[in-house]
$ cat my_file32.cif   # mmCIF, C-alpha atoms
data_query
#
loop_
_atom_site.label_atom_id
_atom_site.label_comp_id
_atom_site.auth_asym_id
_atom_site.auth_seq_id
_atom_site.Cartn_x
_atom_site.Cartn_y
_atom_site.Cartn_z
CA MET A 1398 171.69 106.28 100.22
CA PRO A 1399 171.79 109.20 97.79
CA TRP A 1400 169.90 108.62 94.49
CA SER A 1401 173.10 109.25 92.50
CA LEU A 1402 174.87 106.38 94.24
CA LEU A 1403 171.83 104.09 93.85
CA LEU A 1404 171.61 104.84 90.13
CA GLY A 1405 175.29 104.10 89.78
CA LEU A 1406 174.89 100.57 91.05
CA PHE A 1407 173.09 99.42 87.85
CA PRO A 1408 173.66 100.13 84.18
CA ARG A 1409 171.30 102.63 82.49
CA LYS A 1410 169.70 99.89 80.32
CA VAL A 1411 168.67 97.94 83.42
CA TRP A 1412 166.96 101.00 84.88
CA LEU A 1413 165.10 101.64 81.63
CA TRP A 1414 164.00 98.02 81.54
CA LEU A 1415 162.72 98.17 85.15
CA ILE A 1416 160.86 101.43 84.49
CA GLY A 1417 159.28 99.87 81.38
CA ILE A 1418 158.03 96.91 83.40
CA LEU A 1419 156.50 99.21 86.04
CA VAL A 1420 154.73 101.31 83.38
CA ALA A 1421 153.36 98.17 81.68
CA LEU A 1422 152.06 96.83 85.00
CA PHE A 1423 150.37 100.16 85.71
CA LEU A 1424 148.69 100.24 82.29
CA LEU A 1425 147.53 96.64 82.69
CA GLN A 1426 146.02 97.45 86.06
CA MET A 1427 144.16 100.45 84.61
CA LEU A 1428 142.88 98.31 81.72
CA LEU A 1429 141.50 95.67 84.09
CA TYR A 1430 139.88 98.36 86.21
CA ALA A 1431 138.22 99.90 83.13
CA SER A 1432 136.93 96.47 82.04
CA VAL A 1433 135.31 95.91 85.43
CA ILE A 1434 133.62 99.32 85.33
CA THR A 1435 132.39 98.78 81.77
CA GLY A 1436 131.01 95.38 82.71
CA LEU A 1437 129.14 96.83 85.65
CA ILE A 1438 127.67 99.60 83.52
CA GLY A 1439 126.69 97.11 80.84
CA TYR A 1440 125.01 94.91 83.43
CA GLN A 1441 123.06 97.83 84.86
CA LYS A 1442 121.97 98.85 81.38
CA SER A 1443 120.92 95.33 80.42
CA SER A 1444 118.94 94.95 83.62
CA SER A 1445 117.04 98.23 83.22
CA SER A 1446 116.14 100.11 80.05
CA GLU A 1447 117.54 97.52 77.65
CA ASP A 1448 116.11 94.35 79.18
CA VAL A 1449 113.79 91.87 77.54
CA ARG A 1450 110.77 93.79 78.70
CA SER A 1451 111.67 96.79 76.54
CA VAL A 1452 113.50 95.34 73.55
CA ASP A 1453 112.96 91.67 72.83
CA VAL A 1454 109.20 91.94 72.49
CA VAL A 1455 109.40 94.60 69.78
CA ASN A 1456 111.67 92.74 67.37
CA GLY A 1457 110.23 92.26 63.90
CA THR A 1458 108.54 94.32 61.23
CA ALA A 1459 104.99 95.52 61.67
CA GLN A 1460 102.54 94.02 59.23
CA VAL A 1461 100.53 97.07 58.22
CA SER A 1462 98.01 98.09 55.61
CA ALA A 1463 99.06 100.16 52.62
CA ALA A 1464 97.04 103.07 54.05
CA LEU A 1465 98.96 103.00 57.32
CA GLU A 1466 102.34 102.56 55.63
CA GLU A 1467 101.88 106.00 54.05
CA TYR A 1468 102.12 107.50 57.54
CA ARG A 1469 105.46 105.84 58.34
CA PRO A 1470 107.48 109.09 57.87
CA LEU A 1471 105.27 110.80 60.46
CA PHE A 1472 105.74 107.92 62.89
CA GLU A 1473 109.51 108.16 62.46
CA GLU A 1474 109.45 111.94 62.90
CA TYR A 1475 107.40 111.99 66.10
CA ALA A 1476 109.05 108.89 67.54
CA GLU A 1477 112.37 110.72 67.26
CA LYS A 1478 110.84 113.86 68.77
CA TYR A 1479 109.67 111.98 71.86
CA GLY A 1480 112.73 109.74 72.21
CA VAL A 1481 111.13 106.43 71.21
CA SER A 1482 112.65 105.89 67.75
CA LYS A 1483 113.42 102.23 68.39
CA TYR A 1484 109.69 101.56 68.88
CA VAL A 1485 108.48 102.70 65.43
CA GLU A 1486 107.51 99.17 64.38
CA LEU A 1487 105.67 98.61 67.66
CA LEU A 1488 103.84 101.93 67.26
CA LEU A 1489 102.76 100.96 63.76
CA ALA A 1490 101.60 97.57 65.02
CA LYS A 1491 99.66 99.29 67.78
CA THR A 1492 98.00 101.56 65.25
CA MET A 1493 96.96 98.57 63.14
CA GLN A 1494 95.10 97.32 66.20
CA GLU A 1495 93.60 100.76 66.85
CA SER A 1496 92.41 101.69 63.34
CA GLY A 1497 94.34 99.93 60.60
CA GLY A 1498 95.01 103.41 59.21
CA ARG A 1499 91.39 103.82 58.14
CA LEU A 1500 90.33 106.54 60.59
CA ASP A 1501 91.47 110.16 60.88
CA ASP A 1502 92.29 109.57 64.54
CA VAL A 1503 94.63 106.79 63.44
CA MET A 1504 96.11 106.16 66.90
CA GLN A 1505 92.77 106.65 68.68
CA ALA A 1506 94.52 109.30 70.75
CA SER A 1507 91.56 111.57 71.50
CA GLU A 1508 90.81 109.94 74.84
CA SER A 1509 94.37 110.57 76.07
CA LEU A 1510 93.44 114.29 75.87
CA GLY A 1511 90.22 113.71 77.78
CA LEU A 1512 88.16 114.01 74.59
CA PRO A 1513 85.46 111.67 73.24
CA PRO A 1514 86.67 108.95 70.84
CA ASN A 1515 87.58 110.05 67.31
CA THR A 1516 87.46 113.75 68.17
CA ILE A 1517 90.85 114.28 66.51
CA GLU A 1518 90.28 114.75 62.78
CA ASP A 1519 93.88 115.26 61.61
CA PRO A 1520 95.98 112.06 61.26
CA GLU A 1521 99.23 113.91 61.93
CA ARG A 1522 97.87 115.35 65.16
CA SER A 1523 96.67 111.89 66.18
CA ILE A 1524 100.15 110.46 65.59
CA ASN A 1525 101.77 113.33 67.49
CA VAL A 1526 99.43 112.99 70.48
CA GLY A 1527 99.47 109.18 70.41
CA ILE A 1528 103.25 108.83 70.34
CA ARG A 1529 103.67 111.46 73.03
CA TYR A 1530 101.21 109.58 75.24
CA PHE A 1531 102.98 106.28 74.50
CA SER A 1532 106.32 107.80 75.53
CA GLU A 1533 104.79 109.09 78.77
CA MET A 1534 103.35 105.67 79.60
CA LEU A 1535 106.66 104.00 78.67
CA GLU A 1536 108.54 106.22 81.12
CA LYS A 1537 105.94 105.71 83.84
CA ALA A 1538 106.07 101.93 83.27
CA GLY A 1539 109.85 101.88 83.63
CA GLY A 1540 110.34 100.49 80.13
CA ASP A 1541 107.96 97.54 80.50
CA ILE A 1542 106.46 97.35 76.99
CA LYS A 1543 103.53 95.10 77.84
CA LEU A 1544 102.61 97.28 80.79
CA THR A 1545 102.90 100.35 78.54
CA LEU A 1546 100.66 98.90 75.84
CA GLN A 1547 97.95 97.89 78.28
CA ALA A 1548 98.15 101.32 79.92
CA TYR A 1549 97.63 102.94 76.50
CA ASN A 1550 94.37 101.01 76.35
CA PHE A 1551 93.33 101.20 80.03
CA GLY A 1552 94.90 104.52 81.00
CA GLY A 1553 97.84 105.35 83.26
CA GLY A 1554 95.93 104.16 86.33
CA PHE A 1555 96.75 100.61 85.31
CA ILE A 1556 100.45 101.28 85.92
CA ASP A 1557 99.66 102.55 89.42
CA TYR A 1558 97.60 99.40 89.98
CA ALA A 1559 100.47 97.21 88.78
CA ASN A 1560 102.89 99.02 91.08
CA GLU A 1561 100.60 98.40 94.03
CA HIS A 1562 99.59 94.81 93.31
CA ASN A 1563 102.25 93.19 91.11
CA ASN A 1564 105.61 94.87 91.75
CA GLY A 1565 105.11 97.14 88.74
CA GLU A 1566 104.95 94.27 86.24
CA TYR A 1567 102.36 93.38 83.60
CA SER A 1568 100.45 90.12 83.58
CA LYS A 1569 97.30 89.07 81.76
CA GLU A 1570 95.74 88.08 85.06
CA LEU A 1571 96.39 91.55 86.45
CA ALA A 1572 94.79 93.13 83.37
CA ILE A 1573 91.68 90.99 83.84
CA GLU A 1574 91.54 91.90 87.54
CA PHE A 1575 91.87 95.63 86.81
CA SER A 1576 89.33 95.52 83.97
CA ARG A 1577 86.80 93.67 86.11
CA MET A 1578 87.21 96.19 88.92
CA LYS A 1579 86.84 99.23 86.63
CA TYR A 1580 83.85 97.71 84.85
CA GLN A 1581 82.04 97.27 88.15
CA GLU A 1582 82.73 100.93 88.91
CA LEU A 1583 81.61 102.23 85.52
CA LYS A 1584 79.13 99.82 83.98
CA HIS A 1585 76.24 102.04 85.06
CA THR A 1586 77.41 104.59 82.47
CA GLY A 1587 76.60 102.21 79.62
CA MET A 1588 79.87 103.21 77.93
CA TYR A 1589 81.58 99.82 78.18
CA SER A 1590 80.80 96.41 76.75
CA CYS A 1591 82.40 92.97 76.57
CA ILE A 1592 84.33 93.09 73.30
CA ARG A 1593 85.68 89.53 73.52
CA PRO A 1594 84.12 86.25 74.65
CA GLU A 1595 86.95 86.12 77.18
CA SER A 1596 85.76 89.44 78.59
CA ALA A 1597 82.22 88.20 79.00
CA GLU A 1598 83.43 85.00 80.67
CA THR A 1599 85.52 86.88 83.24
CA GLY A 1600 83.43 90.05 83.65
CA ALA A 1601 86.47 92.05 82.50
CA CYS A 1602 84.61 94.37 80.16
CA TYR A 1603 86.51 97.63 80.70
CA GLY A 1604 88.88 98.27 77.79
CA ASP A 1605 90.42 95.32 75.97
CA ILE A 1606 92.10 92.64 78.08
CA GLY A 1607 93.49 91.06 74.90
CA TYR A 1608 95.10 94.29 73.71
CA VAL A 1609 98.74 93.34 74.31
CA GLU A 1610 98.53 90.06 72.43
CA ALA A 1611 96.57 91.70 69.62
CA VAL A 1612 99.18 94.43 69.12
CA LEU A 1613 102.18 92.11 69.26
CA SER A 1614 100.56 89.76 66.76
CA TYR A 1615 101.14 92.44 64.07
CA LEU A 1616 104.92 92.31 64.58
CA LYS A 1617 105.62 89.88 61.77
CA GLY A 1618 105.74 89.98 57.98
CA GLY A 1619 105.68 93.33 56.20
CA VAL A 1620 103.39 95.64 54.28
CA ILE A 1621 100.11 94.30 53.03
CA GLU A 1622 100.59 95.01 49.34
CA ALA A 1623 96.98 95.47 48.33
CA ASP A 1624 93.54 95.55 49.87
CA LEU A 1625 91.47 92.75 48.34
CA GLN A 1626 87.96 93.95 47.66
CA PRO A 1627 85.13 91.66 48.79
CA THR A 1628 83.01 90.17 46.01
CA GLY A 1629 79.79 90.06 48.01
CA ASP A 1630 79.17 86.58 46.62
CA TRP A 1631 79.96 84.28 49.51
CA VAL A 1632 80.94 80.63 49.29
CA MET A 1633 80.16 78.15 52.05
CA PRO A 1634 82.80 77.87 54.81
CA ILE A 1635 83.05 74.12 54.09
CA GLU A 1636 83.23 72.82 50.55
CA GLY A 1637 80.87 70.10 49.32
CA SER A 1638 77.65 68.94 50.89
CA LEU A 1639 76.95 70.35 54.34
CA THR A 1640 75.12 69.00 57.35
CA GLN A 1641 73.82 71.85 59.45
CA THR A 1642 73.52 70.78 63.07
CA SER A 1643 72.26 73.95 64.77
CA ASP A 1644 70.46 77.11 63.67
CA TYR A 1645 70.91 80.73 64.68
CA GLY A 1646 68.72 81.90 67.56
CA MET A 1647 67.47 80.77 70.95
CA ARG A 1648 67.99 77.13 71.89
CA SER A 1649 68.66 74.92 74.90
CA ASP A 1650 72.23 75.14 76.06
CA PRO A 1651 73.91 71.80 75.21
CA PHE A 1652 75.75 71.81 78.55
CA ASP A 1653 73.05 72.68 81.08
CA GLY A 1654 69.77 72.76 79.12
CA THR A 1655 68.97 76.39 79.97
CA PRO A 1656 67.64 78.77 77.28
CA ASP A 1657 70.57 80.31 75.47
CA MET A 1658 71.20 82.50 72.42
CA HIS A 1659 73.13 80.64 69.73
CA ARG A 1660 74.92 83.40 67.84
CA GLY A 1661 75.79 81.46 64.70
CA VAL A 1662 75.12 78.29 62.77
CA ASP A 1663 76.88 74.97 63.26
CA PHE A 1664 78.08 72.55 60.59
CA ALA A 1665 79.26 68.98 61.08
CA CYS A 1666 82.84 68.22 60.04
CA THR A 1667 85.67 65.79 60.70
CA ASN A 1668 88.05 66.69 63.49
CA ALA A 1669 91.56 67.74 62.34
CA VAL A 1670 90.65 66.88 58.74
CA THR A 1671 87.94 69.08 57.17
CA PRO A 1672 89.35 72.34 55.76
CA ILE A 1673 87.54 75.52 56.80
CA GLN A 1674 87.68 78.33 54.23
CA SER A 1675 87.04 82.05 54.11
CA VAL A 1676 83.64 82.87 52.60
CA ASP A 1677 84.97 85.94 50.73
CA ASN A 1678 87.99 88.19 50.25
CA GLY A 1679 88.96 90.07 53.38
CA GLN A 1680 91.47 90.74 56.11
CA VAL A 1681 92.08 88.60 59.17
CA VAL A 1682 91.51 90.95 62.10
CA GLU A 1683 91.65 88.52 65.00
CA VAL A 1684 93.33 85.17 65.64
CA VAL A 1685 92.74 83.55 69.03
CA ARG A 1686 94.29 80.31 70.22
CA LYS A 1687 92.75 79.03 73.47
CA ASN A 1688 90.78 76.12 74.88
CA SER A 1689 87.73 77.90 76.31
CA GLY A 1690 84.80 79.78 74.83
CA TYR A 1691 85.18 79.78 71.05
CA GLY A 1692 88.43 77.82 71.29
CA ASN A 1693 90.78 78.42 68.38
CA ASN A 1694 88.96 80.98 66.27
CA VAL A 1695 89.47 83.45 63.42
CA LEU A 1696 87.64 86.68 62.58
CA VAL A 1697 87.76 88.04 59.02
CA LYS A 1698 86.65 91.54 58.02
CA HIS A 1699 85.14 91.77 54.54
CA GLU A 1700 83.95 95.37 54.54
CA GLU A 1701 82.85 98.01 57.01
CA GLY A 1702 80.14 96.43 59.11
CA LEU A 1703 80.57 92.86 57.86
CA PHE A 1704 82.72 90.15 59.46
CA SER A 1705 82.79 86.35 59.31
CA HIS A 1706 83.81 84.28 62.33
CA TYR A 1707 85.10 80.69 62.41
CA ALA A 1708 85.23 78.95 65.81
CA HIS A 1709 86.32 75.72 67.56
CA LEU A 1710 89.09 75.12 64.99
CA TYR A 1711 91.62 72.34 65.44
CA THR A 1712 94.39 74.36 63.81
CA ILE A 1713 94.67 77.88 62.39
CA SER A 1714 96.34 78.54 59.03
CA VAL A 1715 96.29 82.36 58.82
CA GLN A 1716 97.92 85.25 60.67
CA ASN A 1717 96.40 88.36 62.18
CA GLY A 1718 96.43 91.23 59.67
CA GLU A 1719 96.79 88.93 56.66
CA MET A 1720 94.82 89.70 53.49
CA ILE A 1721 93.12 86.54 52.24
CA GLN A 1722 91.06 85.54 49.23
CA LYS A 1723 87.73 83.79 49.03
CA GLY A 1724 88.36 80.08 49.56
CA THR A 1725 91.61 80.56 51.53
CA LYS A 1726 91.93 77.90 54.22
CA VAL A 1727 91.70 79.56 57.64
CA GLY A 1728 92.11 76.29 59.55
CA LYS A 1729 90.82 72.79 60.11
CA CYS A 1730 87.65 71.59 61.79
CA GLY A 1731 88.02 70.98 65.50
CA SER A 1732 86.36 70.82 68.90
CA THR A 1733 88.40 73.30 70.93
CA GLY A 1734 86.78 75.51 73.54
CA ASN A 1735 83.23 74.97 74.80
CA SER A 1736 82.27 72.28 72.31
CA THR A 1737 80.38 68.98 72.56
CA GLY A 1738 82.15 67.52 69.51
CA PRO A 1739 83.88 68.41 66.24
CA HIS A 1740 81.96 71.07 64.29
CA LEU A 1741 82.33 74.53 62.78
CA HIS A 1742 80.56 77.34 64.58
CA PHE A 1743 80.13 80.11 62.00
CA GLU A 1744 78.99 83.66 62.76
CA VAL A 1745 78.33 86.83 60.83
CA ARG A 1746 78.99 90.05 62.75
CA THR A 1747 78.43 93.73 62.06
CA LYS A 1748 81.31 94.76 64.33
CA LYS A 1749 84.51 93.19 65.57
CA GLN A 1750 82.96 92.91 69.01
CA TYR A 1751 81.22 89.89 70.48
CA ARG A 1752 77.39 90.09 70.44
CA SER A 1753 77.25 92.12 67.22
CA ASP A 1754 76.03 88.98 65.43
CA VAL A 1755 73.26 88.65 62.83
CA ASN A 1756 71.68 85.58 61.26
CA PRO A 1757 74.20 84.03 58.82
CA ALA A 1758 71.52 82.21 56.81
CA PRO A 1759 70.83 84.99 54.24
CA TYR A 1760 74.55 85.47 53.60
CA LEU A 1761 75.05 81.76 52.96
CA GLY A 1762 71.87 81.23 51.01
CA LEU A 1763 70.46 78.82 53.60
#

$ encode --input "my_file32.cif" --output "structure tokens"
Amino acid sequence: MPWSLLLGLFPRKVWLWLIGILVALFLLQMLLYASVITGLIGYQKSSSSEDVRSVDVVNGTAQVSAALEEYRPLFEEYAEKYGVSKYVELLLAKTMQESGGRLDDVMQASESLGLPPNTIEDPERSINVGIRYFSEMLEKAGGDIKLTLQAYNFGGGFIDYANEHNNGEYSKELAIEFSRMKYQELKHTGMYSCIRPESAETGACYGDIGYVEAVLSYLKGGVIEADLQPTGDWVMPIEGSLTQTSDYGMRSDPFDGTPDMHRGVDFACTNAVTPIQSVDNGQVVEVVRKNSGYGNNVLVKHEEGLFSHYAHLYTISVQNGEMIQKGTKVGKCGSTGNSTGPHLHFEVRTKKQYRSDVNPAPYLGL
């Protein structure tokens, strides 16, 4: 039938109405198609570069020292340059763990260039090199932040190890395994030591197996407004009369009776009741919650080369990076970790690392 006859069978308004319906159906079909495509793209994005491994763990504001906060514009500049702008807070938190902003090589980036530690003497160059290296590790790790952070500490070989042994994913157990392996390979050089009790217990003394947790612990709060200066006049870690139950030095191990170095002094206290306080002004540089070794414990830095350590706590009342005053409660007496009963194990250290202890007696007037 010719089109002219067909068109003549219906009024013009009917044809316009039919055409309108067809156009509307076509547009609706295209809209549904576009929604499906967008949903698929969104799903792919959320399951790759934008998943919880790369975004959720970096929420929050880095708690940084006033010295490090001054470098924020440089962090923002170089983070943008290397395409990692959304990780500025994480990079600042990482730098607090590395140096707290107190060293010229603020990001401890010299080793990523194959140089000895602290070779870089220009903070801006350190930030440039450090952020570039972070971005390289982030890409190699496929956006896995925890894997990236540990690789910054261990080196890129850790990512290869994770790919081979753990489907390219980070785990604390994998970090311990890798560290133990590398330490066995390199301990003859004398360049590596056990920087945490956990490292000594597991033989994982290459790098820092607690690095990821330490960095992420700075992602809270804000700028530390002022650096409290230590007074040098220490108070006792427990107020009132004290009963000292163990001295510093060699003794029989309370668990097996073998000769053992006791690296602090012990004081009797009531479990979950007795407040434990900071002996002087300082900054909390390590908070560990666990039920082995020192148990729940806190390390406070008072000045360069002088730290106080509070172990076997029942609870902890301070946060990593927090500036605290003399007498601030760091926690309550406990018996967590390797402990025969409620007591405070108190150490004085010259470095952040385990086994840098000295006799606390002169500092406490004992």

$ resolve_selection --input "my_file32.cif" --expression "the PyMOL selection byres ((chain A and resi 1731-1743) around 7)" --output "short mmCIF file (atom, residue, chain, number, x, y, z; two decimals) with C-alpha atoms, in the coordinates of the input"
data_model
loop_
_atom_site.label_atom_id
_atom_site.label_comp_id
_atom_site.auth_asym_id
_atom_site.auth_seq_id
_atom_site.Cartn_x
_atom_site.Cartn_y
_atom_site.Cartn_z
CA GLY A 1661 75.79 81.46 64.70
CA VAL A 1662 75.12 78.29 62.77
CA ASP A 1663 76.88 74.97 63.26
CA PHE A 1664 78.08 72.55 60.59
CA ALA A 1665 79.26 68.98 61.08
CA CYS A 1666 82.84 68.22 60.04
CA THR A 1667 85.67 65.79 60.70
CA ASN A 1668 88.05 66.69 63.49
CA ALA A 1669 91.56 67.74 62.34
CA LYS A 1687 92.75 79.03 73.47
CA ASN A 1688 90.78 76.12 74.88
CA SER A 1689 87.73 77.90 76.31
CA GLY A 1690 84.80 79.78 74.83
CA TYR A 1691 85.18 79.78 71.05
CA GLY A 1692 88.43 77.82 71.29
CA ASN A 1693 90.78 78.42 68.38
CA HIS A 1706 83.81 84.28 62.33
CA TYR A 1707 85.10 80.69 62.41
CA ALA A 1708 85.23 78.95 65.81
CA HIS A 1709 86.32 75.72 67.56
CA LEU A 1710 89.09 75.12 64.99
CA TYR A 1711 91.62 72.34 65.44
CA LYS A 1729 90.82 72.79 60.11
CA CYS A 1730 87.65 71.59 61.79
CA GLU A 1744 78.99 83.66 62.76
#

$ atom_distance --input "my_file32.cif" --atom1 "atom CA of Lys1491 of chain A" --atom2 "atom CA of Lys1579 of chain A"
22.8 Å

$ residues_around --input "my_file32.cif" --residues "Glu1518 of chain A" --least-positions-apart "5" --cutoff "8 Å" --atoms "all atoms listed in the file" --output "PyMOL selection string"
chain A and resi 1501-1502+1523

$ residues_around --input "my_file32.cif" --residues "Ile1592 of chain A" --least-positions-apart "3" --cutoff "9 Å" --atoms "only C-alpha atoms" --output "JSON, numbers by chain"
{"A": [1589, 1595, 1596, 1597, 1602, 1603, 1604, 1605, 1749, 1750, 1751, 1752]}

$ write_last_selection --input "my_file32.cif" --atoms "C-alpha atoms" --output "PDB file, in the coordinates of the input"
ATOM      1  CA  TYR A1589      81.580  99.820  78.180  1.00  0.00           C
ATOM      2  CA  GLU A1595      86.950  86.120  77.180  1.00  0.00           C
ATOM      3  CA  SER A1596      85.760  89.440  78.590  1.00  0.00           C
ATOM      4  CA  ALA A1597      82.220  88.200  79.000  1.00  0.00           C
ATOM      5  CA  CYS A1602      84.610  94.370  80.160  1.00  0.00           C
ATOM      6  CA  TYR A1603      86.510  97.630  80.700  1.00  0.00           C
ATOM      7  CA  GLY A1604      88.880  98.270  77.790  1.00  0.00           C
ATOM      8  CA  ASP A1605      90.420  95.320  75.970  1.00  0.00           C
ATOM      9  CA  LYS A1749      84.510  93.190  65.570  1.00  0.00           C
ATOM     10  CA  GLN A1750      82.960  92.910  69.010  1.00  0.00           C
ATOM     11  CA  TYR A1751      81.220  89.890  70.480  1.00  0.00           C
ATOM     12  CA  ARG A1752      77.390  90.090  70.440  1.00  0.00           C
TER      13      ARG A1752
END

$ closest_residue --input "my_file32.cif" --among "A:Leu1571, A:Ala1559, A:Val1676, A:Val1685" --to "Trp1631 of chain A" --atoms "all atoms listed in the file"
A:Val1676

$ atom_distance --input "my_file32.cif" --atom1 "atom CA of Gly1646 of chain A" --atom2 "atom CA of Ser1590 of chain A"
21.0 Å

$ closest_residue --input "my_file32.cif" --among "A:Met1633, A:Gly1497, A:Arg1746, A:Leu1487" --to "Gly1702 of chain A" --atoms "all atoms listed in the file"
A:Arg1746

$ atom_distance --input "my_file32.cif" --atom1 "atom CA of Val1670 of chain A" --atom2 "atom CA of Ile1635 of chain A"
11.5 Å

$ closest_residue --input "my_file32.cif" --among "A:Ala1758, A:Leu1544, A:Met1493, A:Val1681" --to "Lys1726 of chain A" --atoms "all atoms listed in the file"
A:Val1681

$ resolve_selection --input "my_file32.cif" --expression "the PyMOL selection byres ((chain A and resi 1674) around 6)" --output "list in words"
Pro1634, Ile1673, Ser1675, Gly1724, Thr1725, Lys1726 and Val1727 of chain A

$ resolve_selection --input "my_file32.cif" --expression "the PyMOL selection byres ((chain A and resi 1566) around 12)" --output "JSON, numbers by chain"
{"A": [1450, 1537, 1538, 1539, 1540, 1541, 1542, 1543, 1544, 1545, 1547, 1548, 1555, 1556, 1557, 1558, 1559, 1560, 1561, 1562, 1563, 1564, 1565, 1567, 1568, 1569, 1570, 1571, 1572]}

$ axis_aligned_box --input "my_file32.cif" --around "segment 1732-1741 of chain A" --padding-each-side "6 Å" --output "AutoDock Vina command-line options"
--center_x 84.4 --center_y 71.5 --center_z 68.8 --size_x 20.0 --size_y 20.0 --size_z 24.0

$ decode --input "my_file32.cif" --residues "segment 1505-1511 of chain A" --atoms "all heavy atoms" --output "mmCIF file, in the first residue's frame"
data_model
loop_
_atom_site.group_PDB
_atom_site.id
_atom_site.type_symbol
_atom_site.label_atom_id
_atom_site.label_comp_id
_atom_site.auth_asym_id
_atom_site.auth_seq_id
_atom_site.Cartn_x
_atom_site.Cartn_y
_atom_site.Cartn_z
ATOM 1 N N GLN A 1505 62.959 10.411 55.214
ATOM 2 C CA GLN A 1505 63.925 9.314 55.225
ATOM 3 C C GLN A 1505 63.950 8.639 53.854
ATOM 4 O O GLN A 1505 63.816 7.422 53.723
ATOM 5 C CB GLN A 1505 63.590 8.325 56.328
ATOM 6 C CG GLN A 1505 63.689 8.918 57.737
ATOM 7 C CD GLN A 1505 65.111 9.204 58.160
ATOM 8 O OE1 GLN A 1505 65.839 8.336 58.607
ATOM 9 N NE2 GLN A 1505 65.529 10.466 57.997
ATOM 10 N N ALA A 1506 64.164 9.501 52.835
ATOM 11 C CA ALA A 1506 64.062 9.042 51.447
ATOM 12 C C ALA A 1506 65.401 8.686 50.822
ATOM 13 O O ALA A 1506 65.449 8.213 49.687
ATOM 14 C CB ALA A 1506 63.375 10.125 50.599
ATOM 15 N N SER A 1507 66.490 8.905 51.554
ATOM 16 C CA SER A 1507 67.820 8.667 50.976
ATOM 17 C C SER A 1507 67.977 7.242 50.476
ATOM 18 O O SER A 1507 68.529 7.004 49.393
ATOM 19 C CB SER A 1507 68.899 8.972 52.018
ATOM 20 O OG SER A 1507 68.884 10.324 52.398
ATOM 21 N N GLU A 1508 67.491 6.282 51.254
ATOM 22 C CA GLU A 1508 67.700 4.875 50.896
ATOM 23 C C GLU A 1508 66.959 4.481 49.628
ATOM 24 O O GLU A 1508 67.350 3.533 48.956
ATOM 25 C CB GLU A 1508 67.292 3.983 52.068
ATOM 26 C CG GLU A 1508 68.211 4.137 53.274
ATOM 27 C CD GLU A 1508 67.710 3.428 54.508
ATOM 28 O OE1 GLU A 1508 68.051 2.243 54.682
ATOM 29 O OE2 GLU A 1508 66.967 4.053 55.287
ATOM 30 N N SER A 1509 65.877 5.207 49.286
ATOM 31 C CA SER A 1509 65.173 4.903 48.040
ATOM 32 C C SER A 1509 66.022 5.265 46.823
ATOM 33 O O SER A 1509 65.744 4.814 45.713
ATOM 34 C CB SER A 1509 63.840 5.649 47.983
ATOM 35 O OG SER A 1509 64.035 7.044 47.832
ATOM 36 N N LEU A 1510 67.062 6.087 47.038
ATOM 37 C CA LEU A 1510 68.005 6.443 45.966
ATOM 38 C C LEU A 1510 69.259 5.582 46.021
ATOM 39 O O LEU A 1510 70.210 5.816 45.274
ATOM 40 C CB LEU A 1510 68.397 7.922 46.094
ATOM 41 C CG LEU A 1510 67.272 8.947 45.923
ATOM 42 C CD1 LEU A 1510 67.814 10.354 46.186
ATOM 43 C CD2 LEU A 1510 66.659 8.872 44.534
ATOM 44 N N GLY A 1511 69.270 4.617 46.935
ATOM 45 C CA GLY A 1511 70.447 3.777 47.093
ATOM 46 C C GLY A 1511 71.540 4.439 47.903
ATOM 47 O O GLY A 1511 72.713 4.015 47.853
#
